[in-house]
Each structure stands twice: as C-alpha cells, then as structure tokens.
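S.K.: So I've got this file, model_19.txt, and it contains compact mmCIF, C-alpha atoms:
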```
# COMPACT_ATOMS: atom_id res chain seq x y z
CA MET N 1 137.91 39.50 100.85
CA GLU N 2 138.31 43.14 101.78
CA GLU N 3 139.09 45.72 99.16
CA ILE N 4 142.67 46.91 99.17
CA ARG N 5 142.83 50.52 100.29
CA LYS N 6 145.38 52.13 98.08
CA PRO N 7 146.47 55.64 98.96
CA VAL N 8 144.55 58.18 96.94
CA GLU N 9 146.84 61.11 97.61
CA LYS N 10 148.62 62.63 94.68
CA GLU N 11 152.02 62.64 96.31
CA THR N 12 153.94 60.00 98.18
CA LEU N 13 154.50 60.65 101.86
CA ASN N 14 158.10 61.70 101.44
CA GLU N 15 157.18 64.14 98.69
CA LEU N 16 154.41 65.61 100.82
CA LEU N 17 156.67 66.12 103.78
CA LEU N 18 159.47 67.80 101.91
CA ASP N 19 161.78 65.50 103.80
CA GLY N 20 165.28 66.18 104.93
CA ALA N 21 167.04 69.42 104.27
CA ILE N 22 163.98 71.15 102.88
CA ALA N 23 161.51 70.07 105.55
CA PRO N 24 159.38 72.73 107.22
CA PRO N 25 159.76 73.08 110.99
CA THR N 26 157.32 70.83 112.82
CA ALA N 27 156.43 70.11 116.41
CA ASN N 28 154.00 67.61 117.87
CA GLY N 29 153.17 66.39 114.42
CA GLU N 30 152.15 69.68 112.91
CA VAL N 31 153.89 72.36 110.92
CA VAL N 32 154.77 75.34 113.08
CA PHE N 33 155.31 78.95 112.15
CA ASP N 34 157.20 81.77 113.83
CA ALA N 35 154.82 84.31 112.40
CA PRO N 36 151.36 84.32 110.81
CA TRP N 37 152.68 85.23 107.35
CA GLN N 38 154.56 81.94 107.20
CA GLY N 39 151.34 80.04 107.75
CA ARG N 40 149.66 82.05 105.01
CA VAL N 41 152.40 81.28 102.52
CA PHE N 42 152.40 77.61 103.44
CA GLY N 43 148.65 77.41 103.09
CA MET N 44 148.62 79.25 99.75
CA ALA N 45 151.34 77.05 98.31
CA ARG N 46 149.52 73.88 99.38
CA LEU N 47 146.12 75.07 98.27
CA LEU N 48 147.17 75.96 94.74
CA ALA N 49 148.89 72.59 94.46
CA ASP N 50 145.75 70.82 95.72
CA GLN N 51 143.80 72.70 93.07
CA GLY N 52 146.12 71.46 90.37
CA HIS N 53 147.84 74.68 89.30
CA TYR N 54 151.14 72.89 89.78
CA THR N 55 152.36 69.75 91.47
CA TRP N 56 153.88 69.73 94.91
CA ASP N 57 156.93 68.26 93.27
CA GLU N 58 157.27 71.36 91.12
CA PHE N 59 157.08 73.53 94.21
CA ARG N 60 159.68 71.32 95.85
CA ALA N 61 162.06 71.87 92.96
CA HIS N 62 161.83 75.62 93.40
CA LEU N 63 162.32 75.32 97.13
CA ILE N 64 165.41 73.19 96.66
CA GLU N 65 166.73 75.76 94.22
CA LYS N 66 166.16 78.72 96.55
CA ILE N 67 167.71 76.96 99.51
CA GLY N 68 170.60 75.89 97.31
CA ASP N 69 171.14 79.46 96.13
CA TRP N 70 171.35 80.62 99.70
CA ASP N 71 173.69 77.79 100.68
CA ARG N 72 176.05 78.83 97.94
CA SER N 73 175.80 82.53 98.65
CA ALA N 74 177.98 84.65 100.91
CA ALA N 75 175.08 84.95 103.35
CA ALA N 76 175.35 81.31 104.31
CA GLU N 77 178.91 81.79 105.44
CA ASP N 78 178.18 84.87 107.49
CA PRO N 79 177.88 83.75 111.12
CA GLY N 80 175.44 86.58 111.77
CA GLU N 81 173.08 85.41 109.06
CA ASP N 82 170.39 82.97 110.12
CA TYR N 83 168.89 80.30 107.96
CA ARG N 84 165.30 81.43 107.58
CA TYR N 85 163.36 78.61 106.04
CA TYR N 86 160.24 80.56 105.19
CA ASP N 87 162.14 83.30 103.41
CA HIS N 88 163.16 80.65 100.89
CA PHE N 89 159.72 79.13 100.90
CA LEU N 90 158.24 82.51 100.03
CA ALA N 91 160.77 83.10 97.28
CA ALA N 92 160.12 79.64 95.86
CA PHE N 93 156.38 80.23 95.88
CA GLN N 94 156.69 83.54 94.07
CA ALA N 95 159.06 82.04 91.51
CA LEU N 96 156.65 79.20 90.85
CA LEU N 97 153.71 81.59 90.45
CA ALA N 98 155.72 83.50 87.87
CA GLU N 99 156.74 80.34 86.06
CA LYS N 100 153.14 79.22 85.83
CA GLY N 101 151.96 82.62 84.66
CA LEU N 102 149.68 83.03 87.68
CA LEU N 103 151.29 86.26 88.85
CA ASP N 104 154.23 88.13 87.53
CA ASP N 105 156.93 89.74 89.60
CA SER N 106 156.10 93.29 88.56
CA GLN N 107 152.47 92.91 89.71
CA VAL N 108 153.73 91.65 93.01
CA GLU N 109 156.21 94.51 93.39
CA VAL N 110 153.51 97.08 92.76
CA ARG N 111 151.18 95.55 95.32
CA HIS N 112 154.00 95.14 97.80
CA GLN N 113 154.91 98.78 97.44
CA ALA N 114 151.32 99.88 97.95
CA PHE N 115 151.02 97.86 101.14
CA ALA N 116 154.38 99.00 102.41
CA GLU N 117 153.24 102.60 102.08
CA ARG N 118 150.26 102.11 104.33
CA PRO N 119 150.67 103.86 107.67
CA HIS N 120 151.49 101.54 110.56
CA GLY N 121 148.51 100.56 112.63
CA HIS N 122 146.44 100.05 109.52
CA ASP N 123 143.75 97.52 110.30
CA HIS N 124 143.75 94.92 107.56
CA MET R 1 158.91 88.54 113.09
CA SER R 2 156.67 91.54 112.73
CA GLU R 3 153.77 91.52 110.36
CA HIS R 4 155.30 94.71 108.97
CA SER R 5 158.41 92.85 107.88
CA PRO R 6 159.09 92.76 104.15
CA GLN R 7 158.26 89.07 104.15
CA ALA R 8 154.92 89.60 105.82
CA ILE R 9 154.02 92.37 103.40
CA ARG R 10 155.13 90.23 100.48
CA ALA R 11 152.97 87.34 101.68
CA GLU R 12 150.03 89.66 102.08
CA ALA R 13 150.59 91.11 98.63
CA LEU R 14 150.63 87.65 97.09
CA GLU R 15 147.51 86.61 98.92
CA SER R 16 145.56 89.72 97.99
CA LEU R 17 146.49 89.34 94.33
CA LEU R 18 145.60 85.66 94.29
CA ILE R 19 142.27 86.36 95.94
CA GLU R 20 141.54 89.07 93.38
CA GLN R 21 142.27 86.62 90.63
CA GLY R 22 139.78 84.23 92.16
CA LEU R 23 142.45 81.59 92.70
CA LEU R 24 141.89 81.21 96.42
CA SER R 25 140.05 82.54 99.42
CA GLU R 26 141.26 83.30 102.92
CA SER R 27 139.22 80.56 104.50
CA ALA R 28 140.38 78.00 101.98
CA VAL R 29 143.96 78.80 102.95
CA ASP R 30 143.09 78.25 106.62
CA GLU R 31 141.48 74.93 105.89
CA THR R 32 144.44 73.76 103.86
CA ILE R 33 146.81 74.17 106.78
CA ALA R 34 144.48 72.19 109.03
CA LEU R 35 144.10 69.46 106.43
CA PHE R 36 147.83 69.24 105.98
CA ASN R 37 148.41 68.89 109.71
CA ASP R 38 145.71 66.27 109.79
CA ARG R 39 147.55 64.20 107.22
CA VAL R 40 151.04 64.83 108.52
CA GLY R 41 150.28 64.43 112.21
CA PRO R 42 149.72 60.68 112.31
CA LEU R 43 152.52 59.85 109.93
CA ASN R 44 155.06 59.05 112.61
CA GLY R 45 152.66 56.53 114.09
CA ALA R 46 151.85 55.19 110.65
CA ARG R 47 155.53 54.64 109.95
CA VAL R 48 155.94 52.70 113.17
CA VAL R 49 152.95 50.54 112.23
CA ALA R 50 154.28 49.93 108.73
CA LYS R 51 157.68 48.96 110.05
CA ALA R 52 156.10 46.56 112.53
CA TRP R 53 154.19 44.94 109.69
CA CYS R 54 157.34 44.49 107.64
CA ASP R 55 159.88 43.63 110.31
CA PRO R 56 158.97 40.87 112.78
CA ALA R 57 161.93 41.62 115.05
CA PHE R 58 160.92 45.25 115.28
CA LYS R 59 157.34 44.26 115.94
CA ALA R 60 158.37 41.99 118.79
CA ALA R 61 160.55 44.74 120.29
CA LEU R 62 157.74 47.26 119.86
CA LEU R 63 155.24 45.12 121.73
CA GLU R 64 157.78 44.32 124.41
CA ASP R 65 158.90 47.91 125.06
CA GLY R 66 157.39 50.58 122.86
CA THR R 67 159.39 53.45 124.32
CA ALA R 68 162.71 51.79 123.62
CA ALA R 69 161.68 50.51 120.20
CA ILE R 70 160.80 53.93 118.84
CA GLU R 71 163.77 55.73 120.34
CA PRO R 72 165.92 55.42 117.21
CA PHE R 73 163.24 57.30 115.27
CA ASP R 74 163.89 60.30 117.50
CA PHE R 75 160.35 61.62 117.18
CA GLN R 76 160.06 65.11 118.55
CA GLY R 77 157.18 66.43 120.51
CA GLY R 78 155.78 66.04 123.98
CA GLU R 79 157.58 65.07 127.10
CA VAL R 80 159.23 61.66 127.21
CA GLN R 81 156.82 59.14 128.60
CA LYS R 82 156.15 55.46 128.39
CA LEU R 83 154.66 54.16 125.18
CA VAL R 84 152.81 50.88 125.17
CA VAL R 85 151.83 49.39 121.84
CA VAL R 86 148.83 47.06 121.85
CA GLU R 87 148.25 44.71 118.98
CA ASN R 88 144.96 44.00 117.26
CA THR R 89 144.55 40.33 116.42
CA PRO R 90 141.73 38.15 115.12
CA GLU R 91 140.79 37.58 118.77
CA VAL R 92 141.31 41.04 120.27
CA HIS R 93 140.40 44.58 119.29
CA ASN R 94 142.01 47.44 121.22
CA ALA R 95 140.84 51.01 121.78
CA VAL R 96 142.52 53.87 123.58
CA VAL R 97 141.15 56.67 125.74
CA CYS R 98 142.21 59.09 128.40
CA THR R 99 139.28 59.09 130.79
CA LEU R 100 140.61 61.90 132.95
CA CYS R 101 141.75 64.37 130.31
CA SER R 102 143.21 63.90 126.86
CA CYS R 103 146.57 62.17 127.21
CA TYR R 104 147.64 61.09 123.80
CA PRO R 105 150.83 60.11 121.95
CA TRP R 106 151.37 63.48 120.27
CA ALA R 107 154.74 62.70 118.84
CA LEU R 108 153.25 59.77 116.94
CA LEU R 109 149.78 60.97 116.07
CA GLY R 110 149.92 64.78 115.95
CA LEU R 111 147.01 66.79 117.29
CA PRO R 112 144.34 64.83 119.15
CA PRO R 113 140.99 64.91 117.36
CA THR R 114 138.25 66.89 119.06
CA TRP R 115 136.12 63.82 119.70
CA TYR R 116 138.95 62.15 121.62
CA LYS R 117 138.91 65.01 124.11
CA ASP R 118 135.13 64.98 124.39
CA PRO R 119 133.77 63.83 127.78
CA ALA R 120 131.19 61.66 126.00
CA TYR R 121 133.85 59.57 124.27
CA ARG R 122 136.02 59.46 127.32
CA SER R 123 133.36 58.02 129.59
CA ARG R 124 131.36 55.95 127.13
CA ILE R 125 134.22 54.05 125.47
CA VAL R 126 134.98 52.51 128.85
CA ARG R 127 131.35 51.79 129.77
CA GLU R 128 129.99 50.65 126.42
CA PRO R 129 132.89 50.21 124.01
CA ARG R 130 131.11 48.14 121.38
CA LYS R 131 128.31 50.64 121.07
CA VAL R 132 130.71 53.56 120.75
CA LEU R 133 132.75 51.71 118.16
CA THR R 134 129.60 50.95 116.18
CA GLU R 135 128.87 54.66 116.17
CA PHE R 136 132.30 55.15 114.61
CA GLY R 137 131.28 52.68 111.94
CA LEU R 138 133.17 49.74 113.39
CA ASP R 139 131.22 46.62 114.28
CA VAL R 140 133.38 44.30 116.34
CA PRO R 141 132.19 40.68 116.01
CA ALA R 142 130.55 39.32 119.16
CA GLY R 143 133.19 36.65 119.69
CA LYS R 144 136.04 39.12 119.61
CA GLU R 145 137.36 40.65 122.82
CA VAL R 146 137.46 44.45 123.14
CA ARG R 147 140.15 45.90 125.38
CA VAL R 148 140.10 49.57 126.31
CA TRP R 149 143.33 51.16 127.52
CA ASP R 150 143.25 54.24 129.72
CA SER R 151 146.12 56.60 129.07
CA SER R 152 147.71 58.83 131.65
CA ALA R 153 150.49 61.33 131.91
CA GLU R 154 152.85 58.44 132.48
CA VAL R 155 151.66 55.90 129.92
CA ARG R 156 150.43 56.47 126.36
CA TYR R 157 148.98 53.75 124.16
CA LEU R 158 149.16 53.14 120.44
CA VAL R 159 147.10 50.50 118.69
CA LEU R 160 148.93 48.35 116.18
CA PRO R 161 146.17 47.57 113.64
CA GLU R 162 145.99 44.32 111.73
CA ARG R 163 147.63 44.51 108.34
CA PRO R 164 144.96 44.39 105.65
CA ALA R 165 144.90 41.53 103.17
CA GLY R 166 146.30 42.09 99.71
CA THR R 167 149.10 44.44 100.80
CA GLU R 168 151.96 41.99 100.47
CA ASP R 169 153.47 43.89 97.57
CA LEU R 170 153.49 47.29 99.20
CA ASP R 171 156.66 48.75 100.66
CA GLU R 172 156.84 50.43 104.07
CA GLU R 173 156.16 53.89 102.73
CA ALA R 174 153.09 52.76 100.83
CA LEU R 175 151.86 50.85 103.86
CA ALA R 176 152.31 53.88 106.09
CA ALA R 177 150.11 55.90 103.75
CA LEU R 178 147.26 53.44 104.44
CA VAL R 179 147.16 53.86 108.20
CA PRO R 180 144.78 56.54 109.47
CA ARG R 181 144.94 58.09 112.91
CA GLU R 182 141.61 56.46 113.86
CA ALA R 183 143.07 52.99 113.43
CA MET R 184 145.94 53.79 115.79
CA ILE R 185 143.51 55.03 118.42
CA GLY R 186 141.37 51.98 117.84
CA VAL R 187 138.09 53.40 116.56
CA ALA R 188 138.68 52.10 113.05
CA VAL R 189 140.35 49.23 111.27
CA LEU R 190 141.94 49.10 107.87
```
Render the structure in this file as structure tokens.
M.R.:
Amino acid sequence: MEEIRKPVEKETLNELLLDGAIAPPTANGEVVFDAPWQGRVFGMARLLADQGHYTWDEFRAHLIEKIGDWDRSAAAEDPGEDYRYYDHFLAAFQALLAEKGLLDDSQVEVRHQAFAERPHGHDH
Amino acid sequence: MSEHSPQAIRAEALESLLIEQGLLSESAVDETIALFNDRVGPLNGARVVAKAWCDPAFKAALLEDGTAAIEPFDFQGGEVQKLVVVENTPEVHNAVVCTLCSCYPWALLGLPPTWYKDPAYRSRIVREPRKVLTEFGLDVPAGKEVRVWDSSAEVRYLVLPERPAGTEDLDEEALAALVPREAMIGVAVL
C-alpha cells in the first residue's frame, strides 16, 4: 500500500493564494508585476514568512486591513484614483515588519529619505 | 511605474535595511518568487484534477470535452485552444509532449518547466517513453500501455492522474494540494 502524500506546506492553497478580493494579479499561472519593486516586495514578504518571522496568515490580515482602509477612504470614491494593489501590499508589509519588531517606521523613513536624495541616474 | 517612484524607493529602503539586518539576501528574494510561481502555476490544473476525482459527472464531462468542462472555471492565460484530458488507469499511463516546440496548457499548469522545452525530452519521450520515464523516477510496469500525446497550437493535453489510495477523507482543496505539475504532464504519478 502506498504511503499517503499529505501536503507539507504550511498554508492551505487558498491561504497561499490570497484568494478573492486580496489576490495578487496573475497571468498564465504566475504572479505578475507592473514594476520591479512590486516583485521585490512580494518576494520579501514571502521569504520572511517562509523563514518563520510571521505566518502568511498574519500578512494576509494586514493586507486585508490596508485594502479595507482604502475602500473606506475618500480615495476609493474618486474616479481618478486607481486601485493599486501593490501600494497596499507594501503598506501591509511595512506594518507587519513594525508589528513584529523587525523594522520600525522611523528607520524606514530615514533610509527612504536618504535614497530619495540620491541624484537621478544613480546606479544601484 | 518608475523605479524613482515613492513606492519603489520605499521597497528599496526596506530591502536594504532587511539585508543589513541579515534577514534576507537579494538572491533569496529572487528564488522565493520563482518558488512561489512554481507552486501556484499548476494549481488550476490541480483543482481540475481534484474535482474530477470527487465528482464523477464532472470527470465524465472533462474526458468527453475538456475545453467545455473547464470553461466555468474561467482560467485566464493563453489563447483559447482545445484541451483534451487523458486519464491514467491501471491499464494505461499517459505522457504529454510538444515535439515541435513547447505547446503546453499554460492556463492550467503555469510556466512550462525547462526540461519540457528541451529537445532531448521532446524527441526521446516519443521514441523511448519508458526509458525517459524511468529517468524521471517512474517505472511503468511492463504490462501497462504507455500513450504519448503530441501537443500543438490547436490541441493541448492534460493528464488526469490516478487518485492515490488512502485519500478518501480529503476534500477537494486538500486533494488539489497533492497534485504536482509533473503528474499532469505524465512524468510522475502520485
């Protein structure tokens, strides 16, 4: 009798996929990004979850919250304002990092400011 | 969106801080995305397989006309083409190839693996299927028939693997999690 192969993944499929309203854009069976930074954020968020710093479910909760905040905000009702999934993803990731004590917002602001002050054309 | 956008700079700031803290590396981030796609890609196909295992009427419809049977799922990706689902049984093992290029049911299986596109696989699976399958770690018993299906731009094939024993208590979602891409191409079984 063959051994039963039970799934060894930490999350269920639906949890992994962030199904429904909070799902990342996909095409041809892979996640797709409009810009490289989105891929970086996605990869970072997944990697730290894989390493056990938090569960994917915890990330999901933050993502739901950020998207919910936007839904309820004036921006959502403004016809000129697009729904930008990865903006919320990024915000959720940063919020989770702060919650877990991995990075705090002020550190991030300082670094952001330093990078923003680099002259354009900087090769990094 | 420019890499000078506030979001791009923010992402870069986060990454540089996390790298400094030794929490991740650039290459590890790259690998994670690829691994994720690798898991997510075949999930549509896996869901179809799981449903076929659980729902005899769906299975019959799927084997009769794969294209029509999966239409309600509304899988995105790739141009609309004919899908034929071939069933593994105790008597028959199926394997899929595209001898001419790399036609493949993207919407169901995600990115084709590199080996599927390799000329060696593409020619050898037709000429010496049992040997190639053995190289994949699959020994098909001598009495069992091996059928190899050649995909084209017009027709794509998906293998419906045999449901493994001992899975009677699993629901569709749990079953779908068991089905790897290789089994739906036909170079592995569960």
S.K.: For a test of reading the model, state the distance in Å between atom CA of R:Ala95 and atom CA of R:Ala165, rounded to one decimal.
M.R.: 21.3 Å
S.K.: Provide the atom CA of R:Ile125 to atom CA of R:Cys103 distance in Å, to one decimal place.
M.R.: 14.9 Å
S.K.: What does the distance between atom CA of R:Val96 and atom CA of R:Val189 come to in Å, to one decimal place?
M.R.: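 Distance reported for this atom pair: 13.3 Å.
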S.K.: Check the smallest atom-to-atom distance from each of N:His120, N:Glu81, N:Gln38, N:His62 to N:Gln94 using all atoms listed in the file, then report the winner.
M.R.: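 Ranking N:His120, N:Glu81, N:Gln38, N:His62 by distance to N:Gln94, first place goes to N:His62.
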S.K.: Residues of chain R within 9 Å of chain N, counting all atoms listed in the file, what are they? List them as a PyMOL selection string.
M.R.: chain R and resi 1-4+6-18+21+23-24+26+28-34+36-38+40-44+75-78+106-111+164-167+173-178+190
S.K.: Between R:Ala57, R:Cys101, R:Leu62, R:Ala52, which has the minimum distance to R:Pro161 (counting all atoms listed in the file)?
M.R.: R:Ala52
S.K.: Let me make sure I understand: among R:Gly22, R:Gly186, R:Gly143, R:Pro180, which one has the smallest atom-to-atom distance to R:Pro129 if we use all atoms listed in the file?
M.R.: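 For R:Pro129, the nearest of the given residues is R:Gly186.
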S.K.: Pick out the residues sitting within 8 Å of R:Asn94, and hand them over as a list in words; count all atoms listed in the file, and ignore anything fewer than 6 positions along from it in its own chain.
M.R.: Val86, Glu87, Asn88, Val146, Arg147, Val148, Trp149, Val159 and Gly186 of chain R
S.K.: Choose the residue, out of N:Pro119, N:Leu96, N:Gly80, N:Asp105, that has the smallest atom-to-atom separation from N:Trp56; count all atoms listed in the file.
M.R.: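 Of the candidates, the smallest distance to N:Trp56 is held by N:Leu96.
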S.K.: Here's a test: counting only C-alpha atoms, identify every protein, DNA and RNA residue with an atom at most 7 Å from (147.9, 62.0, 125.6) in the file's coordinate frame, and state them as a ChimeraX atom specification.
M.R.: /R:98,102-106,151-153,156
